[in-house]
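Reading through the structure tokens given below for one structure.
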Amino acid sequence: MPDSLILDRVLGDRPFAEIGFPSVAAVSELRGLVVAGGAVGPPGWQPGTLTSGRSTHRIGVYSMDGLRCRYLLPSRWPVNTIAFHPVLPLAAIGTGGYDGGFFYEGELLLLDLLSGEAVSAFASEREVRSARWLNERRLDLVLAATDDESGKGDTWGFAASIARDDWRTLPTKAIGPAELAGERVPSVPPGASEAALRTLESLSAACRNVAFTPRRQVRAVEPLRDGRVLAALDGVRLESWLPSGLREWVAPVPGGGGRRIVVTPDQRAAWVEIQWAPGWDGHRVRYRPNGAELLSLQNGEVLRPAGSETPVAVTGRQDSWVMLLDTRHAPTEAGTTLVSPDQQESAPLDLGGYEFANTTFVVRRSPELLFLQPRPHGVWIAALEPSGAVRPLFPLDWDAGRGTRFFGGPGVRLPGALVHAGAVTRSGPHRRIEAFVVRRRADGEPEWVFECEAVVTAMDAAGDTVLVALDSGEIVALGATDGRPRWRRSLTVHGMPTSGTSLAIPEDGRVLIGTADGRIVDALY
């Protein structure tokens with residue numbers, strides 16, 4: 001059995017895709033290498049969505065001959081600076097950032113360019129903002145303060161100069177705090193690097209004769225009957241790919257991104273949920289509510305723009321009824337609407353409060369409009385009828401005595417059953433996440449539970465097989481009737497690991513997987 005899926009084609013492929021959105025890039029003409037750092041972003045649909053806590057930052061080592069990725073490493077923190085040793089096949093990589101509360105964290109990585117192995121050199125965590133080799137022995141660094149006690153940690157740091165006779169033999173955690181105690185100097189945290197973008201654009205054009213376009217997480221994929229593939233991702237409302245593998249059109253959305261996709265019955269248009277990034281108005285952060293837009297599938301034209309008052313999540317069912325679910329936590333008036341298959345919108349409906357887990361409770365192949373409804377004794381899975389009536393089905397958590405926070409996840413409707421993902425968090429000094437997939441009968445009782453080592457990001461089914469994507473990068477096939485794993489395969493593209501953020505099965509034996517680095521994998525399973 002193969003360890004990875006058999007890829008038929010990769011849509012949205014490009015040089016340097018593995019690192020996601022770049023932050024810094026360094027070129028060594030002498031070694032014929034490029035080292036670049038970036039981030040693919042969290043697999044969840046929006047900030048705060050439950051994940052396994054795996055790193056989203058990446059370091060890639062590329063050959064200038066063809067820009068093939070030779071090594072790909074995770075980084076605990078954002079990558080700020082990269083400096084090649086003047087003689088040795090070694091790169092000093094500084095990482096780190098503000099933790100949002102009090103501390104500046106990070107590390108210095110010494111990356112062996114021959115083996116791809118990295119050593120973390122500091123005995124304690126420190127953000128490294130810049131690195132420069134003064135000569136073969138000495139490395140000059142600018143470090144952030146350890147904390148933000150003064151409230152001015154974003155304006156100054158410390159200069160340190162460290163000498164070693166042989167940097168390749170430096171053991172892990174060999175540089176202690178005493179060597180990092182340097183003079184105070186002006187310093188600001190690195191921002192999004194335009195220089196890195198320009199460098200990668202130039203290399204892509206010169207080495208591969210292609211354009212470099214950063215892409216982010218593919219949040220939804222949908223196959224069409226004519227062989228086209230739709231995708232929604234960060235920075236893009238919707239895009240359409242032809243069966244030939246060429247992109248037919250793209251509808252960009254600066255400062256936002258597409259999320260859920262619901263295609264109309266005639267497949268001439270699609271409803272897309274749009275999530276807007278927070279913006280700064282000069283005084284405070286402003287949040288624009290999620291909206292629902294209807295787009296033409298002929299050219300991506302917006303046929304019905306998003307409203308600006310009520311935030312909504314888009315949910316569909318198999319007969320093409322659509323629910324625009326009001327996502328305010330405490331609405332003061334009715335805000336949910338229904339859209340019929342002929343695109344007639346209902347009067348606003350009052351469904352009560354909103355459950356945050358609806359952001360990930362996406363059930364494919366459902367004959368019902370399913371959502372999570374807070375009730376006096378917990379959260380229930382409920383169905384909204386075209387008449388506007390709400391039909392509670394069963395509690396999201398079947399174990400009333402569990403005593404932990406329960407999160408819903410993606411799912412798929414099967415004849416007579418609902419298979420959906422979930423996770424619980426255990427209280428304690430270190431939050432522990434237990435993730436699983438469960439098959440529920442019509443009365444809510446579980447028929448089987450499959451425990452996962454990582455959080456589920458997407459799910460679909462064909463025949464008697466349920467495919468599950470995990471944020472660890474695995475794709476797992478479960479028997480629909482018994483929940484037993486039939487196979488587990490790593491998601492890799494060109495030999496490098498990635499993770500799935502969306503998934504759809506166009507036909508039995510094939511699967512479309514949207515990835516965290518902005519690609520769409522068409523694979524056989």
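Following the order of the structure tokens, first chain is A, next is B, and so on, with residues numbered from 1 inside each chain and ligands from 1 in the order they appear.
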Each residue of stretch 395-457 of chain A with at least one atom at most 10 Å from stretch 489-512 of chain A should appear once, together with its nearest atom pair and the corresponding distance in Å (one decimal); atoms considered: only C-alpha atoms; ordering: chain, then increasing residue number; output as a tab-separated table.
```
residue	atom	partner	partner_atom	distance
A:Pro410	CA	A:Ser502	CA	9.6
A:Val456	CA	A:Thr501	CA	9.0
A:Thr457	CA	A:Thr501	CA	5.5
```
- Task: Write out as a VMD selection string the residues lying within 12 Å of stretch 239-246 of chain A, counting only C-alpha atoms and excluding same-chain residues fewer than 4 positions away.
- Result: chain A and resid 8 to 13 218 to 235 250 to 253 257 to 259 261 269 to 270 272 295 to 301 518 to 522
Please, could you write that set of residues out with C-alpha atoms as a PDB file, in the first residue's frame?
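The result, written out as result.pdb:
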```pdb
ATOM      1  CA  ASP A   8      -3.218  13.005 -10.916  1.00  0.00           C
ATOM      2  CA  ARG A   9      -2.794  16.790 -11.109  1.00  0.00           C
ATOM      3  CA  VAL A  10      -2.134  19.788  -8.889  1.00  0.00           C
ATOM      4  CA  LEU A  11      -4.058  23.011  -9.478  1.00  0.00           C
ATOM      5  CA  GLY A  12      -2.637  26.290  -8.215  1.00  0.00           C
ATOM      6  CA  ASP A  13       0.893  24.870  -8.185  1.00  0.00           C
ATOM      7  CA  VAL A 218      -8.108  26.649   0.180  1.00  0.00           C
ATOM      8  CA  ARG A 219     -11.186  26.708   2.419  1.00  0.00           C
ATOM      9  CA  ALA A 220     -13.633  24.954   0.082  1.00  0.00           C
ATOM     10  CA  VAL A 221     -13.551  22.937  -3.146  1.00  0.00           C
ATOM     11  CA  GLU A 222     -16.514  21.885  -5.272  1.00  0.00           C
ATOM     12  CA  PRO A 223     -16.549  19.813  -8.474  1.00  0.00           C
ATOM     13  CA  LEU A 224     -19.011  20.744 -11.244  1.00  0.00           C
ATOM     14  CA  ARG A 225     -20.752  18.389 -13.634  1.00  0.00           C
ATOM     15  CA  ASP A 226     -18.842  19.782 -16.622  1.00  0.00           C
ATOM     16  CA  GLY A 227     -15.490  18.858 -15.047  1.00  0.00           C
ATOM     17  CA  ARG A 228     -14.593  22.284 -13.727  1.00  0.00           C
ATOM     18  CA  VAL A 229     -13.406  22.720 -10.149  1.00  0.00           C
ATOM     19  CA  LEU A 230     -14.420  25.645  -7.925  1.00  0.00           C
ATOM     20  CA  ALA A 231     -12.293  26.807  -5.013  1.00  0.00           C
ATOM     21  CA  ALA A 232     -12.630  29.462  -2.323  1.00  0.00           C
ATOM     22  CA  LEU A 233      -9.534  30.615  -0.498  1.00  0.00           C
ATOM     23  CA  ASP A 234      -7.941  33.490   1.377  1.00  0.00           C
ATOM     24  CA  GLY A 235      -7.760  36.502  -0.936  1.00  0.00           C
ATOM     25  CA  VAL A 250     -10.732  34.333 -10.526  1.00  0.00           C
ATOM     26  CA  ALA A 251     -12.789  36.728  -8.400  1.00  0.00           C
ATOM     27  CA  PRO A 252     -10.346  38.286  -5.907  1.00  0.00           C
ATOM     28  CA  VAL A 253     -11.368  39.787  -2.575  1.00  0.00           C
ATOM     29  CA  GLY A 257     -11.507  35.330   1.568  1.00  0.00           C
ATOM     30  CA  GLY A 258     -14.082  32.809   0.393  1.00  0.00           C
ATOM     31  CA  ARG A 259     -15.257  30.073   2.733  1.00  0.00           C
ATOM     32  CA  ILE A 261     -19.564  27.220  -1.508  1.00  0.00           C
ATOM     33  CA  ALA A 269     -24.076  30.446 -10.063  1.00  0.00           C
ATOM     34  CA  ALA A 270     -22.864  29.727  -6.531  1.00  0.00           C
ATOM     35  CA  VAL A 272     -20.076  31.914  -1.348  1.00  0.00           C
ATOM     36  CA  LEU A 295     -21.455  34.756  -8.055  1.00  0.00           C
ATOM     37  CA  SER A 296     -21.824  33.861 -11.715  1.00  0.00           C
ATOM     38  CA  LEU A 297     -19.978  30.676 -12.656  1.00  0.00           C
ATOM     39  CA  GLN A 298     -19.495  31.998 -16.172  1.00  0.00           C
ATOM     40  CA  ASN A 299     -17.027  34.718 -15.215  1.00  0.00           C
ATOM     41  CA  GLY A 300     -17.036  35.200 -11.432  1.00  0.00           C
ATOM     42  CA  GLU A 301     -19.164  38.333 -11.534  1.00  0.00           C
ATOM     43  CA  GLY A 518      -3.115  27.212  -1.605  1.00  0.00           C
ATOM     44  CA  ARG A 519      -3.041  24.209  -3.939  1.00  0.00           C
ATOM     45  CA  ILE A 520      -5.806  21.847  -5.053  1.00  0.00           C
ATOM     46  CA  VAL A 521      -4.827  18.207  -5.315  1.00  0.00           C
ATOM     47  CA  ASP A 522      -6.747  15.902  -7.646  1.00  0.00           C
TER      48      ASP A 522
END
```
- Message: Just checking: using only C-alpha atoms, which residue out of A:Arg198, A:Arg164, A:Arg405, A:Arg365 ends up closest to A:Asp460?
- Response: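 Smallest distance to A:Asp460 is found for A:Arg365.
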- List every residue of stretch 207-428 of chain A that DSSP, applied to the backbone of this structure, places in strand (DSSP E or B), and write the result as a PyMOL selection string. chain A and resi 218-223+229-241+247-263+269-276+279-280+285-286+291-296+302-304+312-316+322-326+336-339+345+349+363-364+369-375+378-384+390-395+405-414+417-426
Excluding stretch 19-31 of chain A and any residue of its chain fewer than 6 positions from it, enumerate the residues within 10 Å of it, using only C-alpha atoms, and give them as a compact mmCIF listing (two decimals) with N, CA and C atoms, in the first residue's frame.
```txt
# COMPACT_ATOMS: atom_id res chain seq x y z
N GLY A 37 11.50 31.68 4.16
CA GLY A 37 10.59 31.42 5.27
C GLY A 37 9.24 32.02 5.00
N GLY A 38 8.20 31.39 5.50
CA GLY A 38 6.84 31.88 5.31
C GLY A 38 5.89 31.20 6.25
N ALA A 39 4.60 31.35 5.96
CA ALA A 39 3.56 30.76 6.81
C ALA A 39 2.39 30.33 5.94
N VAL A 40 1.86 29.16 6.24
CA VAL A 40 0.68 28.67 5.53
C VAL A 40 -0.60 29.06 6.23
N GLY A 41 -0.49 29.52 7.48
CA GLY A 41 -1.69 29.92 8.21
C GLY A 41 -2.37 28.74 8.86
N THR A 56 2.44 26.60 11.95
CA THR A 56 2.03 27.01 10.61
C THR A 56 3.16 27.71 9.85
N HIS A 57 4.30 27.88 10.50
CA HIS A 57 5.44 28.57 9.87
C HIS A 57 6.37 27.55 9.22
N ARG A 58 6.95 27.93 8.09
CA ARG A 58 7.74 26.99 7.30
C ARG A 58 9.07 27.62 6.88
N ILE A 59 10.08 26.76 6.72
CA ILE A 59 11.37 27.12 6.16
C ILE A 59 11.64 26.15 5.01
N GLY A 60 11.88 26.67 3.81
CA GLY A 60 12.14 25.84 2.66
C GLY A 60 13.52 26.10 2.09
N VAL A 61 14.20 25.01 1.69
CA VAL A 61 15.50 25.10 1.02
C VAL A 61 15.29 24.65 -0.42
N TYR A 62 15.63 25.52 -1.38
CA TYR A 62 15.34 25.28 -2.79
C TYR A 62 16.62 25.33 -3.63
N SER A 63 16.68 24.46 -4.62
CA SER A 63 17.75 24.52 -5.61
C SER A 63 17.41 25.58 -6.64
N MET A 64 18.38 26.42 -6.98
CA MET A 64 18.12 27.43 -8.00
C MET A 64 17.93 26.81 -9.37
N CYS A 69 12.12 22.05 -4.22
CA CYS A 69 12.26 22.09 -2.77
C CYS A 69 13.05 20.87 -2.30
N LEU A 72 12.10 20.88 3.72
CA LEU A 72 11.03 21.71 4.27
C LEU A 72 10.96 21.45 5.77
N LEU A 73 11.10 22.52 6.55
CA LEU A 73 11.13 22.39 8.00
C LEU A 73 10.04 23.25 8.63
N PRO A 74 9.40 22.77 9.68
CA PRO A 74 8.48 23.63 10.43
C PRO A 74 9.26 24.56 11.34
N PRO A 78 7.37 32.83 13.59
CA PRO A 78 7.59 33.44 12.28
C PRO A 78 9.08 33.56 11.96
N VAL A 79 9.42 33.40 10.69
CA VAL A 79 10.82 33.48 10.25
C VAL A 79 11.12 34.94 9.92
N ASN A 80 12.12 35.52 10.60
CA ASN A 80 12.43 36.94 10.49
C ASN A 80 13.65 37.25 9.65
N THR A 81 14.66 36.39 9.70
CA THR A 81 15.93 36.74 9.06
C THR A 81 16.68 35.46 8.69
N ILE A 82 17.43 35.50 7.57
CA ILE A 82 18.21 34.36 7.09
C ILE A 82 19.56 34.89 6.64
N ALA A 83 20.64 34.25 7.11
CA ALA A 83 21.99 34.67 6.73
C ALA A 83 22.84 33.43 6.42
N PHE A 84 23.42 33.39 5.22
CA PHE A 84 24.30 32.29 4.85
C PHE A 84 25.69 32.51 5.44
N HIS A 85 26.28 31.42 5.98
CA HIS A 85 27.65 31.48 6.46
C HIS A 85 28.58 31.75 5.27
N PRO A 86 29.62 32.57 5.48
CA PRO A 86 30.47 32.91 4.34
C PRO A 86 31.24 31.73 3.75
N VAL A 87 31.47 30.65 4.52
CA VAL A 87 32.26 29.52 4.02
C VAL A 87 31.52 28.20 4.17
N PRO A 89 28.55 25.31 4.66
CA PRO A 89 27.19 25.09 4.14
C PRO A 89 26.17 25.18 5.28
N ALA A 91 23.24 27.99 7.33
CA ALA A 91 22.45 29.23 7.35
C ALA A 91 21.97 29.48 8.77
N LEU A 113 22.85 22.95 5.39
CA LEU A 113 22.30 22.97 4.04
C LEU A 113 22.55 21.67 3.28
N PRO A 190 10.10 42.67 12.45
CA PRO A 190 9.96 42.56 11.00
C PRO A 190 8.50 42.47 10.60
N GLY A 191 8.13 43.13 9.53
CA GLY A 191 6.76 43.03 9.03
C GLY A 191 6.70 42.11 7.83
N ALA A 192 5.57 42.12 7.14
CA ALA A 192 5.45 41.36 5.90
C ALA A 192 6.46 41.91 4.90
N SER A 193 7.31 41.05 4.37
CA SER A 193 8.45 41.50 3.60
C SER A 193 8.13 41.63 2.12
N GLU A 194 8.07 42.87 1.64
CA GLU A 194 7.95 43.10 0.20
C GLU A 194 9.20 42.62 -0.51
N ALA A 195 10.34 42.72 0.17
CA ALA A 195 11.59 42.27 -0.44
C ALA A 195 11.54 40.78 -0.75
N ALA A 196 10.96 39.98 0.16
CA ALA A 196 10.85 38.53 -0.08
C ALA A 196 9.96 38.25 -1.29
N LEU A 197 8.85 38.97 -1.40
CA LEU A 197 7.98 38.79 -2.55
C LEU A 197 8.70 39.09 -3.85
N ARG A 198 9.44 40.22 -3.88
CA ARG A 198 10.14 40.60 -5.10
C ARG A 198 11.22 39.58 -5.45
N THR A 199 11.92 39.07 -4.43
CA THR A 199 12.96 38.08 -4.68
C THR A 199 12.39 36.81 -5.30
N LEU A 200 11.30 36.32 -4.75
CA LEU A 200 10.71 35.08 -5.25
C LEU A 200 10.07 35.29 -6.63
N LEU A 203 13.06 35.22 -9.08
CA LEU A 203 13.58 33.87 -9.25
C LEU A 203 12.63 33.00 -10.07
N THR A 213 2.83 33.83 -7.53
CA THR A 213 1.66 34.43 -6.91
C THR A 213 1.40 33.74 -5.58
N PRO A 214 1.59 34.44 -4.46
CA PRO A 214 1.31 33.80 -3.17
C PRO A 214 -0.17 33.38 -3.08
N ARG A 215 -0.40 32.22 -2.54
CA ARG A 215 -1.75 31.72 -2.33
C ARG A 215 -1.84 31.20 -0.89
N ARG A 216 -3.04 31.29 -0.34
CA ARG A 216 -3.25 30.85 1.04
C ARG A 216 -4.23 29.67 1.08
N GLN A 217 -4.72 29.38 2.26
CA GLN A 217 -5.51 28.17 2.49
C GLN A 217 -6.72 28.08 1.57
N THR A 498 2.19 18.45 3.15
CA THR A 498 1.26 19.56 3.30
C THR A 498 0.05 19.02 4.06
N ALA A 516 -3.39 23.70 2.73
CA ALA A 516 -3.06 24.88 3.53
C ALA A 516 -2.15 25.84 2.79
N ASP A 517 -1.44 25.36 1.76
CA ASP A 517 -0.52 26.22 1.01
C ASP A 517 -1.12 26.72 -0.30
N GLY A 518 -2.45 26.59 -0.47
CA GLY A 518 -3.12 27.21 -1.61
C GLY A 518 -3.22 26.37 -2.85
N ARG A 519 -2.93 25.08 -2.76
CA ARG A 519 -3.04 24.21 -3.94
C ARG A 519 -4.28 23.33 -3.85
```
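Atom CA of A:Val263 to atom CA of A:Gly307 spans 19.4 Å [interatomic distance, one decimal].
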- Between A:Phe102, A:Phe212, A:Phe450, A:Trp487, which has the minimum distance to A:Ala435 (counting only C-alpha atoms)?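 For A:Ala435, the nearest of the given residues is A:Phe450.
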- Please provide as an NGL selection string all residues within 9 Å of A:Thr264, with the sequence filter that same-chain residues fewer than 3 positions apart are discarded (counting only C-alpha atoms). :A and (267-271 or 320-321 or 341-343)
Export of prior selection with N, CA and C atoms as a compact mmCIF listing (two decimals), in the first residue's frame:
```txt
# COMPACT_ATOMS: atom_id res chain seq x y z
N GLN A 267 -26.18 25.07 -11.90
CA GLN A 267 -24.73 25.20 -11.90
C GLN A 267 -24.25 26.40 -12.72
N ARG A 268 -25.06 27.44 -12.71
CA ARG A 268 -24.68 28.68 -13.38
C ARG A 268 -24.25 29.75 -12.39
N ALA A 269 -24.46 29.49 -11.11
CA ALA A 269 -24.08 30.45 -10.06
C ALA A 269 -23.78 29.67 -8.78
N ALA A 270 -23.17 30.35 -7.82
CA ALA A 270 -22.86 29.73 -6.53
C ALA A 270 -22.91 30.78 -5.44
N TRP A 271 -23.45 30.37 -4.29
CA TRP A 271 -23.38 31.19 -3.08
C TRP A 271 -22.03 30.95 -2.42
N SER A 320 -30.79 22.06 -3.07
CA SER A 320 -30.37 23.44 -3.38
C SER A 320 -31.07 24.52 -2.58
N TRP A 321 -31.79 24.18 -1.51
CA TRP A 321 -32.19 25.21 -0.57
C TRP A 321 -30.94 25.70 0.15
N PRO A 341 -34.55 27.13 -4.25
CA PRO A 341 -33.77 26.75 -5.44
C PRO A 341 -33.92 27.73 -6.61
N ASP A 342 -35.04 28.47 -6.68
CA ASP A 342 -35.19 29.47 -7.74
C ASP A 342 -34.76 30.86 -7.27
N GLN A 343 -33.98 30.89 -6.18
CA GLN A 343 -33.31 32.10 -5.67
C GLN A 343 -34.27 33.13 -5.09
```
- Message: Using only C-alpha atoms, which protein or nucleic acid residues come within 7 Å of A:Val468? Drop anything in the same chain fewer than 5 positions from it, and give the result as an MDAnalysis selection string.
- Response: chainID A and resid 456 458:460 475:477
- Task: In Å, rounded to a single decimal, give me how far atom CA of A:Pro311 is from atom CA of A:His283.
- Result: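 Separation between atom CA of A:His283 and atom CA of A:Pro311: 22.9 Å.
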- Pick from A:Gly411, A:Pro177, A:Gly388, A:Gly378 nearest to A:Val363, counting only C-alpha atoms: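 When distances to A:Val363 are compared using only C-alpha atoms, the smallest one comes from A:Gly411.
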